[in-house]
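Asks: Hey, dropping final-v3.cif in here, mmCIF, C-alpha atoms:
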```
data_query
loop_
_atom_site.label_atom_id
_atom_site.label_comp_id
_atom_site.auth_asym_id
_atom_site.auth_seq_id
_atom_site.Cartn_x
_atom_site.Cartn_y
_atom_site.Cartn_z
CA ALA A 28 -21.30 42.56 7.36
CA CYS A 29 -24.19 40.27 6.51
CA GLU A 30 -21.84 37.29 6.08
CA ALA A 31 -20.21 38.00 9.44
CA LEU A 32 -23.64 38.20 11.06
CA VAL A 33 -24.64 34.84 9.57
CA GLN A 34 -21.42 33.22 10.83
CA ALA A 35 -21.91 34.71 14.27
CA TRP A 36 -25.48 33.47 14.40
CA ASP A 37 -24.33 29.99 13.38
CA LEU A 38 -21.84 29.97 16.26
CA MET A 39 -24.36 31.20 18.79
CA LYS A 40 -27.04 28.78 17.65
CA GLY A 41 -24.77 25.79 18.35
CA TRP A 42 -23.04 27.26 21.42
CA PRO A 43 -20.66 26.15 22.88
CA ASP A 44 -19.84 23.14 20.68
CA ARG A 45 -20.02 25.10 17.43
CA PHE A 46 -17.61 27.70 18.80
CA GLN A 47 -15.14 25.03 19.88
CA ASP A 48 -15.37 23.43 16.42
CA PHE A 49 -14.69 26.80 14.84
CA ALA A 50 -11.70 27.48 17.11
CA LEU A 51 -10.30 23.96 16.55
CA THR A 52 -10.56 24.33 12.76
CA GLN A 53 -8.65 27.60 12.94
CA VAL A 54 -5.94 26.05 15.11
CA LEU A 55 -5.53 22.99 12.88
CA SER A 56 -5.21 25.13 9.75
CA ARG A 57 -2.81 27.70 11.21
CA GLY A 58 0.74 28.04 9.97
CA PRO A 59 3.88 28.05 12.14
CA GLY A 60 3.87 30.93 14.60
CA ARG A 61 0.30 31.90 13.72
CA GLY A 62 -1.08 31.60 17.27
CA ASP A 63 -4.73 30.59 17.36
CA GLY A 64 -5.15 30.96 13.60
CA ASN A 65 -7.59 33.83 14.17
CA ARG A 66 -5.17 36.72 14.75
CA GLY A 67 -5.30 36.11 18.49
CA ARG A 68 -8.99 36.96 18.74
CA THR A 69 -10.06 33.52 19.95
CA VAL A 70 -7.60 33.59 22.87
CA GLN A 71 -8.59 37.18 23.64
CA PHE A 72 -12.21 36.11 23.85
CA LEU A 73 -11.45 33.13 26.07
CA LYS A 74 -9.31 35.27 28.38
CA MET A 75 -11.96 37.95 28.65
CA LYS A 76 -12.32 39.48 32.12
CA SER A 77 -15.10 41.50 33.68
CA GLN A 78 -15.11 45.16 32.74
CA THR A 79 -17.74 47.85 32.94
CA THR A 80 -17.85 47.98 29.12
CA ARG A 81 -18.65 44.25 28.80
CA SER A 82 -21.85 42.53 29.76
CA ALA A 83 -21.76 39.92 32.49
CA ALA A 84 -23.51 37.51 30.13
CA LEU A 85 -20.73 37.78 27.52
CA VAL A 86 -18.03 37.30 30.14
CA GLY A 87 -19.94 34.29 31.45
CA LEU A 88 -20.09 32.72 27.99
CA ALA A 89 -16.35 33.09 27.57
CA ALA A 90 -15.68 31.70 31.05
CA GLY A 91 -17.89 28.67 30.38
CA VAL A 92 -15.95 27.72 27.27
CA ARG A 93 -12.59 28.45 28.90
CA GLU A 94 -13.27 26.26 31.90
CA ALA A 95 -14.21 23.35 29.61
CA ILE A 96 -10.82 23.41 27.85
CA ASP A 97 -8.36 25.17 30.20
CA LEU A 98 -5.50 22.96 31.41
CA LEU A 99 -4.93 25.46 34.22
CA GLY A 100 -8.60 25.82 35.13
CA PRO A 101 -10.91 24.09 37.62
CA ASN A 102 -11.49 21.12 35.27
CA ALA A 103 -7.81 20.62 34.44
CA GLN A 104 -7.57 17.12 35.92
CA ALA A 105 -10.58 15.79 34.01
CA ILE A 106 -9.41 17.42 30.77
CA SER A 107 -5.92 15.93 31.08
CA ALA A 108 -7.33 12.50 31.86
CA SER A 109 -9.60 12.49 28.80
CA THR A 110 -7.06 13.82 26.26
CA CYS A 111 -3.54 12.97 25.15
CA SER A 112 -0.73 14.43 23.09
CA ILE A 113 0.28 13.35 19.62
CA LYS A 114 3.21 11.36 21.06
CA SER A 115 0.87 9.43 23.37
CA ALA A 116 -1.58 8.89 20.52
CA ALA A 117 1.21 7.51 18.33
CA SER A 118 2.29 5.14 21.09
CA MET A 119 -1.26 3.88 21.67
CA LEU A 120 -1.82 3.24 17.95
CA GLY A 121 1.63 1.84 17.23
CA LEU A 122 2.36 4.56 14.67
CA GLY A 123 4.76 7.45 14.16
CA THR A 124 3.73 11.00 15.01
CA GLN A 125 3.83 11.96 11.31
CA GLU A 126 1.37 9.17 10.47
CA VAL A 127 -0.93 10.26 13.29
CA SER A 128 -0.74 13.85 12.06
CA THR A 129 -1.70 12.71 8.56
CA LEU A 130 -4.63 10.67 9.88
CA ARG A 131 -5.85 13.72 11.79
CA ARG A 132 -5.71 15.86 8.65
CA GLN A 133 -7.73 13.16 6.87
CA GLN A 134 -10.27 13.44 9.72
CA ALA A 135 -9.75 9.79 10.57
CA LEU A 136 -8.97 10.79 14.16
CA ARG A 137 -11.00 13.10 16.34
CA SER A 138 -9.30 16.24 17.66
CA ARG A 139 -10.14 18.17 20.78
CA LEU A 140 -9.16 21.68 21.79
CA VAL A 141 -7.36 22.65 25.00
CA LEU A 142 -6.06 25.94 26.31
CA SER A 143 -2.56 25.84 27.77
CA GLY A 144 -1.68 29.23 29.20
CA ASN A 145 -2.19 31.63 26.30
CA ARG A 146 -1.94 28.97 23.60
CA LEU A 147 -4.67 26.85 22.04
CA GLN A 148 -3.57 23.29 21.31
CA PRO A 149 -5.16 20.43 19.35
CA VAL A 150 -5.06 17.15 21.27
CA PHE A 151 -6.59 13.70 20.88
CA ASP A 152 -9.56 12.06 22.54
CA ARG A 153 -8.29 9.33 24.85
CA ALA A 154 -11.55 7.35 24.83
CA GLU A 155 -11.49 7.15 21.04
CA LEU A 156 -7.86 6.03 21.05
CA ASP A 157 -8.58 3.33 23.65
CA GLN A 158 -11.38 2.05 21.43
CA LEU A 159 -9.17 2.10 18.33
CA ALA A 160 -6.30 0.35 20.11
CA ALA A 161 -8.67 -2.44 21.13
CA GLY A 162 -10.00 -2.64 17.57
CA ILE A 163 -6.49 -2.86 16.13
CA ALA A 164 -5.67 -5.75 18.46
CA ALA A 165 -8.84 -7.59 17.43
CA ARG A 166 -8.90 -6.83 13.71
CA GLN A 167 -8.67 -9.30 10.83
CA GLY A 168 -7.58 -7.85 7.50
CA PHE A 169 -9.26 -8.89 4.27
CA ALA A 170 -5.97 -10.25 2.96
CA SER A 171 -5.69 -12.51 6.00
CA ILE A 172 -9.27 -13.74 5.63
CA ALA A 173 -8.77 -14.39 1.92
CA SER A 174 -5.63 -16.40 2.67
CA HIS A 175 -7.23 -18.49 5.44
CA LEU A 176 -10.33 -19.26 3.39
CA GLY A 177 -8.51 -19.60 0.07
CA ILE A 178 -10.78 -17.15 -1.76
CA SER A 179 -10.29 -13.85 -3.58
CA HIS A 180 -10.35 -10.37 -2.06
CA HIS A 181 -13.65 -9.81 -3.86
CA GLY A 182 -14.94 -12.95 -2.20
CA VAL A 183 -14.21 -11.44 1.21
CA GLU A 184 -15.91 -8.22 0.09
CA GLN A 185 -18.97 -10.33 -0.72
CA LEU A 186 -18.94 -11.74 2.82
CA ALA A 187 -18.82 -8.21 4.20
CA ASP A 188 -21.58 -6.97 1.90
CA MET A 189 -23.75 -9.92 2.96
CA LYS A 190 -23.03 -9.14 6.64
CA LEU A 191 -21.40 -12.53 7.16
CA ILE A 192 -18.40 -10.76 8.69
CA ASP A 193 -18.42 -7.54 10.71
CA LEU A 194 -16.44 -4.49 9.67
CA HIS A 195 -14.70 -1.86 11.74
CA GLU A 196 -16.79 1.17 10.77
CA HIS A 197 -14.48 3.86 12.19
CA PRO A 198 -12.81 5.82 9.33
CA PHE A 199 -9.40 5.27 10.96
CA PHE A 200 -9.23 1.66 9.77
CA LEU A 201 -9.87 2.42 6.11
CA GLU A 202 -7.43 5.35 6.08
CA ARG A 203 -4.77 3.50 8.06
CA TYR A 204 -4.82 0.17 6.20
CA LYS A 205 -6.16 1.41 2.84
CA MET A 206 -8.75 -1.36 2.81
CA HIS A 207 -11.62 -2.52 4.99
CA GLN A 208 -10.85 -4.37 8.19
CA SER A 209 -13.02 -7.06 9.73
CA THR A 210 -13.27 -8.14 13.32
CA ALA A 211 -11.38 -11.32 14.11
CA ALA A 212 -14.32 -12.52 16.21
CA SER A 213 -16.77 -12.47 13.28
CA PHE A 214 -14.32 -14.31 11.03
CA MET A 215 -13.62 -16.96 13.66
CA GLU A 216 -17.39 -17.38 14.07
CA ILE A 217 -17.65 -18.33 10.39
CA VAL A 218 -14.85 -20.88 10.76
CA ARG A 219 -16.37 -22.30 13.95
CA THR A 220 -19.84 -22.57 12.39
CA LEU A 221 -18.48 -24.26 9.26
CA THR A 222 -16.60 -26.74 11.43
CA ASP A 223 -19.65 -27.50 13.57
CA ARG A 224 -22.12 -27.95 10.70
CA GLN A 225 -20.19 -30.34 8.47
CA THR A 226 -21.55 -33.78 7.75
CA ASP A 227 -20.19 -37.18 6.77
CA LEU A 228 -19.80 -37.52 2.98
CA SER A 229 -17.69 -40.67 3.03
CA ARG A 230 -20.29 -42.65 1.08
CA ALA A 231 -20.80 -40.09 -1.70
CA PRO A 232 -18.41 -39.09 -4.50
CA SER A 233 -17.04 -35.69 -3.50
CA ILE A 234 -14.80 -32.90 -4.75
CA THR A 235 -13.07 -30.00 -3.04
CA LEU A 236 -14.87 -26.69 -3.16
CA ALA A 237 -11.85 -25.08 -4.80
CA GLN A 238 -11.99 -27.61 -7.63
CA ALA A 239 -15.77 -27.37 -7.92
CA MET A 240 -15.60 -23.59 -8.35
CA LYS A 241 -13.44 -23.97 -11.45
CA SER A 242 -16.72 -24.62 -13.24
CA VAL A 243 -17.59 -20.94 -12.67
CA GLY A 244 -16.23 -18.83 -15.53
CA GLY A 245 -16.83 -15.59 -17.34
CA ARG A 246 -17.45 -13.78 -14.04
CA LEU A 247 -16.11 -13.39 -10.53
CA LYS A 248 -16.75 -16.39 -8.32
CA PRO A 249 -19.76 -16.07 -5.97
CA TRP A 250 -17.86 -17.00 -2.81
CA GLY A 251 -20.25 -15.13 -0.53
CA PRO A 252 -23.41 -16.98 -1.63
CA VAL A 253 -21.56 -20.31 -1.72
CA ILE A 254 -20.30 -19.94 1.86
CA ALA A 255 -23.77 -18.77 2.93
CA GLU A 256 -25.23 -21.98 1.47
CA LEU A 257 -22.74 -24.02 3.46
CA LEU A 258 -23.47 -22.12 6.66
CA GLU A 259 -27.21 -22.70 6.19
CA LYS A 260 -26.56 -26.41 5.47
CA ARG A 261 -28.28 -26.16 2.10
CA ILE A 262 -25.20 -27.75 0.51
CA PRO A 263 -23.82 -30.67 2.58
CA TYR A 264 -20.06 -30.65 3.03
CA GLN A 265 -17.21 -32.20 4.94
CA ILE A 266 -13.88 -30.63 5.95
CA LYS A 267 -10.71 -32.64 5.51
CA ALA A 268 -7.90 -32.38 8.04
CA GLY A 269 -4.80 -30.49 6.96
CA SER A 270 -3.08 -27.14 6.78
CA GLU A 271 -4.33 -25.98 3.38
CA SER A 272 -6.80 -23.13 2.98
CA LEU A 273 -10.37 -23.96 3.91
CA VAL A 274 -11.87 -24.17 0.39
CA ARG A 275 -9.16 -26.70 -0.51
CA ARG A 276 -10.27 -28.86 2.43
CA ILE A 277 -14.04 -28.41 2.19
CA CYS A 278 -15.53 -31.21 0.09
CA ILE A 279 -19.01 -31.20 -1.44
CA ARG A 280 -20.85 -33.93 -3.30
CA VAL A 281 -20.21 -34.10 -7.03
CA THR A 282 -23.98 -33.90 -7.52
CA ASP A 283 -24.02 -30.49 -5.77
CA VAL A 284 -21.38 -28.88 -7.98
CA ALA A 285 -23.95 -27.58 -10.47
CA ASN A 286 -26.00 -25.96 -7.69
CA ALA A 287 -22.94 -24.27 -6.23
CA SER A 288 -21.63 -23.02 -9.58
CA GLU A 289 -25.00 -21.54 -10.56
CA LEU A 290 -25.18 -19.27 -7.52
CA THR A 291 -24.84 -15.55 -8.17
CA PHE A 292 -23.80 -12.61 -6.03
CA THR A 293 -25.89 -9.44 -6.07
CA PRO A 294 -24.48 -6.44 -4.17
CA SER A 295 -26.71 -5.00 -1.47
CA ALA A 296 -28.78 -2.02 -2.59
CA VAL A 297 -29.59 -0.96 0.98
CA ARG A 298 -26.07 -0.01 1.98
CA PRO A 299 -23.77 0.03 -1.06
CA PHE A 300 -20.32 -1.44 -0.38
CA ALA A 301 -17.23 0.23 -1.87
CA PHE A 302 -15.84 -2.71 -3.85
CA ALA A 303 -12.24 -2.55 -5.04
CA LYS A 304 -11.74 -1.75 -8.71
CA MET A 305 -8.37 -3.47 -8.97
CA MET A 306 -7.41 -7.04 -8.19
CA SER A 307 -4.21 -9.00 -7.60
CA LYS A 308 -2.72 -11.29 -10.22
CA ASN A 309 -3.66 -14.31 -8.10
CA ASP A 310 -7.28 -13.18 -7.89
CA ALA A 311 -7.33 -12.57 -11.64
CA MET A 312 -5.98 -16.08 -12.19
CA GLU A 313 -8.75 -17.44 -9.97
CA ALA A 314 -11.39 -15.63 -12.02
CA LEU A 315 -9.83 -16.86 -15.28
CA ASN A 316 -9.32 -20.42 -13.96
CA ILE A 317 -5.68 -20.45 -14.98
CA GLY A 318 -2.50 -21.41 -13.13
CA PRO A 319 0.75 -19.57 -12.39
CA ARG A 320 2.43 -20.67 -15.63
CA GLN A 321 -0.31 -19.18 -17.80
CA GLY A 322 -0.73 -16.20 -15.48
CA THR A 323 2.96 -15.26 -15.58
CA LYS A 324 2.86 -15.06 -19.38
CA LEU A 325 -0.51 -13.34 -19.50
CA PHE A 326 0.40 -10.58 -17.03
CA ALA A 327 4.04 -10.12 -18.13
CA SER A 328 3.20 -6.80 -19.80
CA VAL A 329 1.28 -5.46 -16.80
CA GLU A 330 3.32 -2.81 -15.00
CA THR A 331 3.44 -2.58 -11.22
CA GLU A 332 1.72 0.59 -10.04
CA LYS A 333 3.82 3.17 -8.25
CA GLY A 334 3.72 2.57 -4.50
CA CYS A 335 2.57 -1.06 -4.88
CA ARG A 336 4.69 -4.10 -4.13
CA ALA A 337 2.79 -6.42 -6.44
CA LYS A 338 1.06 -6.18 -9.79
CA THR A 339 -2.63 -5.44 -9.87
CA VAL A 340 -5.04 -5.53 -12.80
CA ASP A 341 -8.30 -3.77 -13.49
CA ILE A 342 -11.27 -5.98 -12.61
CA ARG A 343 -13.13 -4.79 -15.72
CA TRP A 344 -10.18 -5.91 -17.89
CA THR A 345 -10.20 -9.30 -16.20
CA LEU A 346 -13.95 -9.70 -16.66
CA ASP A 347 -13.69 -8.73 -20.32
CA LEU A 348 -11.00 -11.36 -20.84
CA ALA A 349 -12.99 -13.94 -18.87
CA GLY A 350 -16.01 -13.24 -21.05
CA ARG A 351 -14.00 -13.93 -24.21
CA CYS A 352 -11.88 -16.87 -23.05
CA ILE A 353 -12.57 -20.21 -21.44
CA SER A 354 -9.65 -22.02 -19.82
CA VAL A 355 -8.90 -25.69 -20.15
CA ALA A 356 -9.52 -26.10 -16.41
CA GLU A 357 -13.02 -24.61 -16.63
CA LEU A 358 -13.88 -26.58 -19.74
CA ALA A 359 -12.74 -29.80 -18.07
CA ALA A 360 -14.68 -29.05 -14.87
CA ARG A 361 -17.89 -28.27 -16.70
CA ARG A 362 -17.63 -31.29 -18.97
CA GLY A 363 -16.57 -33.62 -16.16
CA VAL A 364 -13.48 -34.84 -18.01
CA SER A 365 -9.74 -34.54 -17.47
CA ALA A 366 -7.87 -31.41 -18.47
CA ARG A 367 -5.94 -33.37 -21.10
CA THR A 368 -9.14 -34.69 -22.67
CA ALA A 369 -10.75 -31.25 -22.64
CA TYR A 370 -7.71 -29.69 -24.31
CA LEU A 371 -7.26 -32.36 -26.98
CA ASP A 372 -10.98 -32.37 -27.84
CA ALA A 373 -10.94 -28.59 -28.27
CA VAL A 374 -7.85 -28.73 -30.47
CA ARG A 375 -9.33 -31.51 -32.63
CA ALA A 376 -12.50 -29.45 -33.00
CA GLU A 377 -10.31 -26.53 -34.11
CA MET A 378 -11.54 -24.20 -31.39
CA PRO A 379 -9.78 -20.80 -31.65
CA TRP A 380 -7.01 -20.42 -29.05
CA LEU A 381 -7.04 -16.74 -28.10
CA CYS A 382 -4.27 -16.40 -25.52
CA GLU A 383 -2.95 -17.90 -22.27
CA ALA A 384 -6.46 -17.45 -20.82
CA GLY A 385 -7.74 -20.18 -23.16
CA PHE A 386 -10.01 -20.89 -26.09
CA CYS A 387 -12.72 -18.66 -27.55
CA ARG A 388 -15.54 -18.94 -25.03
CA SER A 389 -18.50 -18.48 -27.38
CA ALA A 390 -17.29 -21.02 -29.94
CA THR A 391 -16.15 -23.57 -27.37
CA GLU A 392 -19.33 -23.39 -25.31
CA ALA A 393 -21.44 -23.69 -28.44
CA ARG A 394 -19.50 -26.82 -29.46
CA PHE A 395 -19.08 -28.60 -26.12
CA LEU A 396 -21.66 -27.03 -23.76
CA PRO A 397 -24.64 -26.20 -25.95
CA GLN A 398 -27.10 -26.70 -23.08
CA VAL A 399 -25.61 -23.80 -21.05
CA LEU A 400 -23.94 -21.11 -23.16
CA THR A 401 -23.29 -18.82 -20.20
CA ARG A 402 -22.54 -19.70 -16.61
#
```
Show me, as structure tokens, the structure contained in the file I just sent.
Replies:
Amino acid sequence: ACEALVQAWDLMKGWPDRFQDFALTQVLSRGPGRGDGNRGRTVQFLKMKSQTTRSAALVGLAAGVREAIDLLGPNAQAISASTCSIKSAASMLGLGTQEVSTLRRQQALRSRLVLSGNRLQPVFDRAELDQLAAGIAARQGFASIASHLGISHHGVEQLADMKLIDLHEHPFFLERYKMHQSTAASFMEIVRTLTDRQTDLSRAPSITLAQAMKSVGGRLKPWGPVIAELLEKRIPYQIKAGSESLVRRICIRVTDVANASELTFTPSAVRPFAFAKMMSKNDAMEALNIGPRQGTKLFASVETEKGCRAKTVDIRWTLDLAGRCISVAELAARRGVSARTAYLDAVRAEMPWLCEAGFCRSATEARFLPQVLTR
């Protein structure tokens, strides 16, 4: 009795919204043929009529709620205009009804309650769907951004964490696409700004940003801070014409490579970002500074996860390997010599070759890069 009284008080305290939430929850959790999910009591209450045994105030409360959701009541036109069925919702979002139903169960879509005759029905909020449809049309996925820029998925996550790109905050996008979605406008703003702020480097020895970042090893590349430096014009750069990804066309001065490679990324503590714990093989190869030939051999034993179309590896595993191994490409970049020279020098010095990821990092850095043992 006490529990029932507490629940009743909670409903009354937040009337009428709390009651509608309660009724909607019961309807969404009902089984087939279970009516309103509350043994018919909710509909009985909403259909309450004046009787001598009932107070006018109670009848008025029921009437107020009923009129707000009744498709046959005085507000029917407004209710119909502001809600839509699951079929309409699916059409607006470009999904199947089963997918929409799943998203509703995951609370990624808002439900509203309507009364149709003697049956309570869950429907969708049209205003929310209009907003989501517009967001879908103007979204830019992280995979697309990574491909256009030529950086890793984690690099795009850094841009988001640093607020350099805007995210769609509605839970629908994360549940629907299984990863964060950015706005196309914010991404295009980065590209436009980078294009506008470039400078002429024709008189200075330069190197592509992609090549320069090979000197970063033992950790994930700090793409966010590097791009922020470019945007703020603290590192001069020039963009070559072509169809390659942006970091393969952005050139910086050779004298600025050290500054770029020493930048570090620190996740925001104000609003923690949910970084992915797995990474693609290509992103792992970027972190390890190895190419497809080495990567194919290195990841041959990695099994493709169920439900995935491509292999993924644990970021912690990649970082552990990067901490133990230094690739020929990284060694060459940091020494400023060719890959062939870097490899032959390491072999002559009898540096331990650990695997396809390269030589023993600690021994090789101590022998060839004593001034900076960690980067």
Asks: Excluding same-chain residues fewer than 5 positions from stretch 117-126 of chain A, what lies within 9 Å of it counting all atoms listed in the file, as a PyMOL selection string?
Replies: chain A and resi 112+131+156-157+159-160+163+203
Asks: In Å, with one decimal, what is the gap from atom CA of A:Arg153 to atom CA of A:Phe169?
Replies: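 Interatomic distance, atom CA of A:Arg153 to atom CA of A:Phe169: 27.5 Å.
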Asks: Separation of atom CA of A:Leu130 and atom CA of A:Lys114, in Å?
Replies: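 Answer for the atom CA of A:Leu130 to atom CA of A:Lys114 separation: 13.7 Å.
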Asks: One number please: atom CA of A:Arg367 to atom CA of A:Pro379, in Å, one decimal.
Replies: 16.9 Å
Asks: Check the smallest atom-to-atom distance from each of A:His207, A:Glu357, A:Leu191, A:Arg146 to A:Glu259 using all atoms listed in the file, then report the winner.
Replies: A:Leu191
Asks: Would you be able to write out as a PyMOL selection string which residues have an atom within 10 Å of (-14.1, -17.8, 10.6) in the file's coordinates, counting only C-alpha atoms?
Replies: chain A and resi 172+175-176+191-192+211-222+273
Asks: Just checking: using only C-alpha atoms, which residue out of A:Val355, A:Ala314, A:Val92, A:Leu201 ends up closest to A:Val340?
Replies: A:Ala314
Asks: Can you check which parts of stretch 142-196 of chain A lie within 10 Å of stretch 93-101 of chain A? Per residue, the shortest pair of atoms and distance in Å to one decimal, counting all atoms listed in the file, sorted by chain and number, as a tab-separated table.
Replies:
```
residue	atom	partner	partner_atom	distance
A:Leu142	CA	A:Asp97	CA	4.6
A:Ser143	CA	A:Leu98	CA	5.5
A:Gly144	CA	A:Leu99	CA	7.1
A:Asn145	CA	A:Asp97	CA	9.7
A:Arg146	CA	A:Asp97	CA	10.0
A:Leu147	CA	A:Asp97	CA	9.1
A:Gln148	CA	A:Ile96	CA	9.8
```
Asks: Could you expand the PyMOL selection byres ((chain A and resi 360) around 10) into the explicit residues it covers here, written as a PDB file with C-alpha atoms, in the frame of the given file?
Replies:
```
ATOM      1  CA  GLN A 238     -11.990 -27.610  -7.630  1.00  0.00           C
ATOM      2  CA  ALA A 239     -15.770 -27.370  -7.920  1.00  0.00           C
ATOM      3  CA  MET A 240     -15.600 -23.590  -8.350  1.00  0.00           C
ATOM      4  CA  LYS A 241     -13.440 -23.970 -11.450  1.00  0.00           C
ATOM      5  CA  SER A 242     -16.720 -24.620 -13.240  1.00  0.00           C
ATOM      6  CA  VAL A 243     -17.590 -20.940 -12.670  1.00  0.00           C
ATOM      7  CA  VAL A 284     -21.380 -28.880  -7.980  1.00  0.00           C
ATOM      8  CA  SER A 354      -9.650 -22.020 -19.820  1.00  0.00           C
ATOM      9  CA  VAL A 355      -8.900 -25.690 -20.150  1.00  0.00           C
ATOM     10  CA  ALA A 356      -9.520 -26.100 -16.410  1.00  0.00           C
ATOM     11  CA  GLU A 357     -13.020 -24.610 -16.630  1.00  0.00           C
ATOM     12  CA  LEU A 358     -13.880 -26.580 -19.740  1.00  0.00           C
ATOM     13  CA  ALA A 359     -12.740 -29.800 -18.070  1.00  0.00           C
ATOM     14  CA  ARG A 361     -17.890 -28.270 -16.700  1.00  0.00           C
ATOM     15  CA  ARG A 362     -17.630 -31.290 -18.970  1.00  0.00           C
ATOM     16  CA  GLY A 363     -16.570 -33.620 -16.160  1.00  0.00           C
ATOM     17  CA  VAL A 364     -13.480 -34.840 -18.010  1.00  0.00           C
ATOM     18  CA  SER A 365      -9.740 -34.540 -17.470  1.00  0.00           C
ATOM     19  CA  ALA A 366      -7.870 -31.410 -18.470  1.00  0.00           C
ATOM     20  CA  ALA A 369     -10.750 -31.250 -22.640  1.00  0.00           C
TER      21      ALA A 369
END
```
Asks: Check which residues satisfy the PyMOL selection byres ((chain A and resi 197) around 10) in the file shown, then give them as a ChimeraX atom specification.
Replies: /A:135-136,155,158-159,162,194-196,198-202,208
Asks: For the file shown, report as a PyMOL selection string the outcome of the PyMOL selection byres ((chain A and resi 230) around 12) at residue level.
Replies: chain A and resi 226-229+231-233+265+279-281
Asks: May I ask which of the residues A:Gln225, A:Phe395, A:Arg388, A:Ala108 is the closest one to A:Ala376, counting only C-alpha atoms?
Replies: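 When distances to A:Ala376 are compared using only C-alpha atoms, the smallest one comes from A:Phe395.
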Asks: If we draw a sphere of 12 Å around (-12.9, -5.8, -4.7), which residues have at least one atom in it when counting only C-alpha atoms? Please report them as a ChimeraX atom specification.
Replies: /A:169-170,173,178-188,206-207,247-248,294,300-307,310-311,339-343
Asks: Contacts of A:Ser109 at 9 Å or less, counting all atoms listed in the file, minus same-chain residues fewer than 5 places along, as a list in words?
Replies: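 These residues fall inside the cut-off: Gln104, Phe151, Asp152, Arg153 and Ala154 of chain A.
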Asks: Here is a test: counting only C-alpha atoms, which residue of A:Ala390, A:Ile277, A:Val329, A:Val253 is nearest to A:Leu290?
Replies: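 Nearest candidate to A:Leu290 out of A:Ala390, A:Ile277, A:Val329, A:Val253: A:Val253.
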Asks: Some atoms are absent from stretch 299-310 of chain A, so rebuild N, CA, C and O atoms and return them as an mmCIF file, keeping the file's coordinate frame.
Replies:
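Saved the output as result-v6.cif:
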```
data_model
loop_
_atom_site.group_PDB
_atom_site.id
_atom_site.type_symbol
_atom_site.label_atom_id
_atom_site.label_comp_id
_atom_site.auth_asym_id
_atom_site.auth_seq_id
_atom_site.Cartn_x
_atom_site.Cartn_y
_atom_site.Cartn_z
ATOM 1 N N PRO A 299 -24.779 0.371 -0.056
ATOM 2 C CA PRO A 299 -23.770 0.030 -1.060
ATOM 3 C C PRO A 299 -22.363 -0.097 -0.473
ATOM 4 O O PRO A 299 -21.916 0.731 0.305
ATOM 5 N N PHE A 300 -21.673 -1.168 -0.853
ATOM 6 C CA PHE A 300 -20.320 -1.440 -0.380
ATOM 7 C C PHE A 300 -19.328 -0.917 -1.420
ATOM 8 O O PHE A 300 -19.553 -1.052 -2.630
ATOM 9 N N ALA A 301 -18.248 -0.319 -0.966
ATOM 10 C CA ALA A 301 -17.230 0.230 -1.870
ATOM 11 C C ALA A 301 -16.288 -0.896 -2.307
ATOM 12 O O ALA A 301 -15.251 -1.124 -1.685
ATOM 13 N N PHE A 302 -16.661 -1.605 -3.359
ATOM 14 C CA PHE A 302 -15.840 -2.710 -3.850
ATOM 15 C C PHE A 302 -14.574 -2.184 -4.526
ATOM 16 O O PHE A 302 -14.596 -1.133 -5.174
ATOM 17 N N ALA A 303 -13.489 -2.925 -4.385
ATOM 18 C CA ALA A 303 -12.240 -2.550 -5.040
ATOM 19 C C ALA A 303 -12.389 -2.631 -6.551
ATOM 20 O O ALA A 303 -13.137 -3.462 -7.070
ATOM 21 N N LYS A 304 -11.685 -1.761 -7.255
ATOM 22 C CA LYS A 304 -11.740 -1.750 -8.710
ATOM 23 C C LYS A 304 -10.549 -2.461 -9.339
ATOM 24 O O LYS A 304 -10.539 -2.715 -10.538
ATOM 25 N N MET A 305 -9.551 -2.751 -8.501
ATOM 26 C CA MET A 305 -8.370 -3.470 -8.970
ATOM 27 C C MET A 305 -8.280 -4.804 -8.231
ATOM 28 O O MET A 305 -8.845 -4.962 -7.148
ATOM 29 N N MET A 306 -7.565 -5.743 -8.822
ATOM 30 C CA MET A 306 -7.410 -7.040 -8.190
ATOM 31 C C MET A 306 -5.979 -7.539 -8.377
ATOM 32 O O MET A 306 -5.279 -7.121 -9.304
ATOM 33 N N SER A 307 -5.554 -8.432 -7.497
ATOM 34 C CA SER A 307 -4.210 -9.000 -7.600
ATOM 35 C C SER A 307 -4.133 -9.975 -8.762
ATOM 36 O O SER A 307 -5.154 -10.430 -9.287
ATOM 37 N N LYS A 308 -2.893 -10.308 -9.145
ATOM 38 C CA LYS A 308 -2.720 -11.290 -10.220
ATOM 39 C C LYS A 308 -3.316 -12.637 -9.811
ATOM 40 O O LYS A 308 -3.934 -13.325 -10.639
ATOM 41 N N ASN A 309 -3.125 -13.023 -8.556
ATOM 42 C CA ASN A 309 -3.660 -14.310 -8.100
ATOM 43 C C ASN A 309 -5.178 -14.339 -8.186
ATOM 44 O O ASN A 309 -5.767 -15.357 -8.577
ATOM 45 N N ASP A 310 -5.819 -13.230 -7.810
ATOM 46 C CA ASP A 310 -7.280 -13.180 -7.890
ATOM 47 C C ASP A 310 -7.744 -13.202 -9.342
ATOM 48 O O ASP A 310 -8.778 -13.793 -9.670
#
```
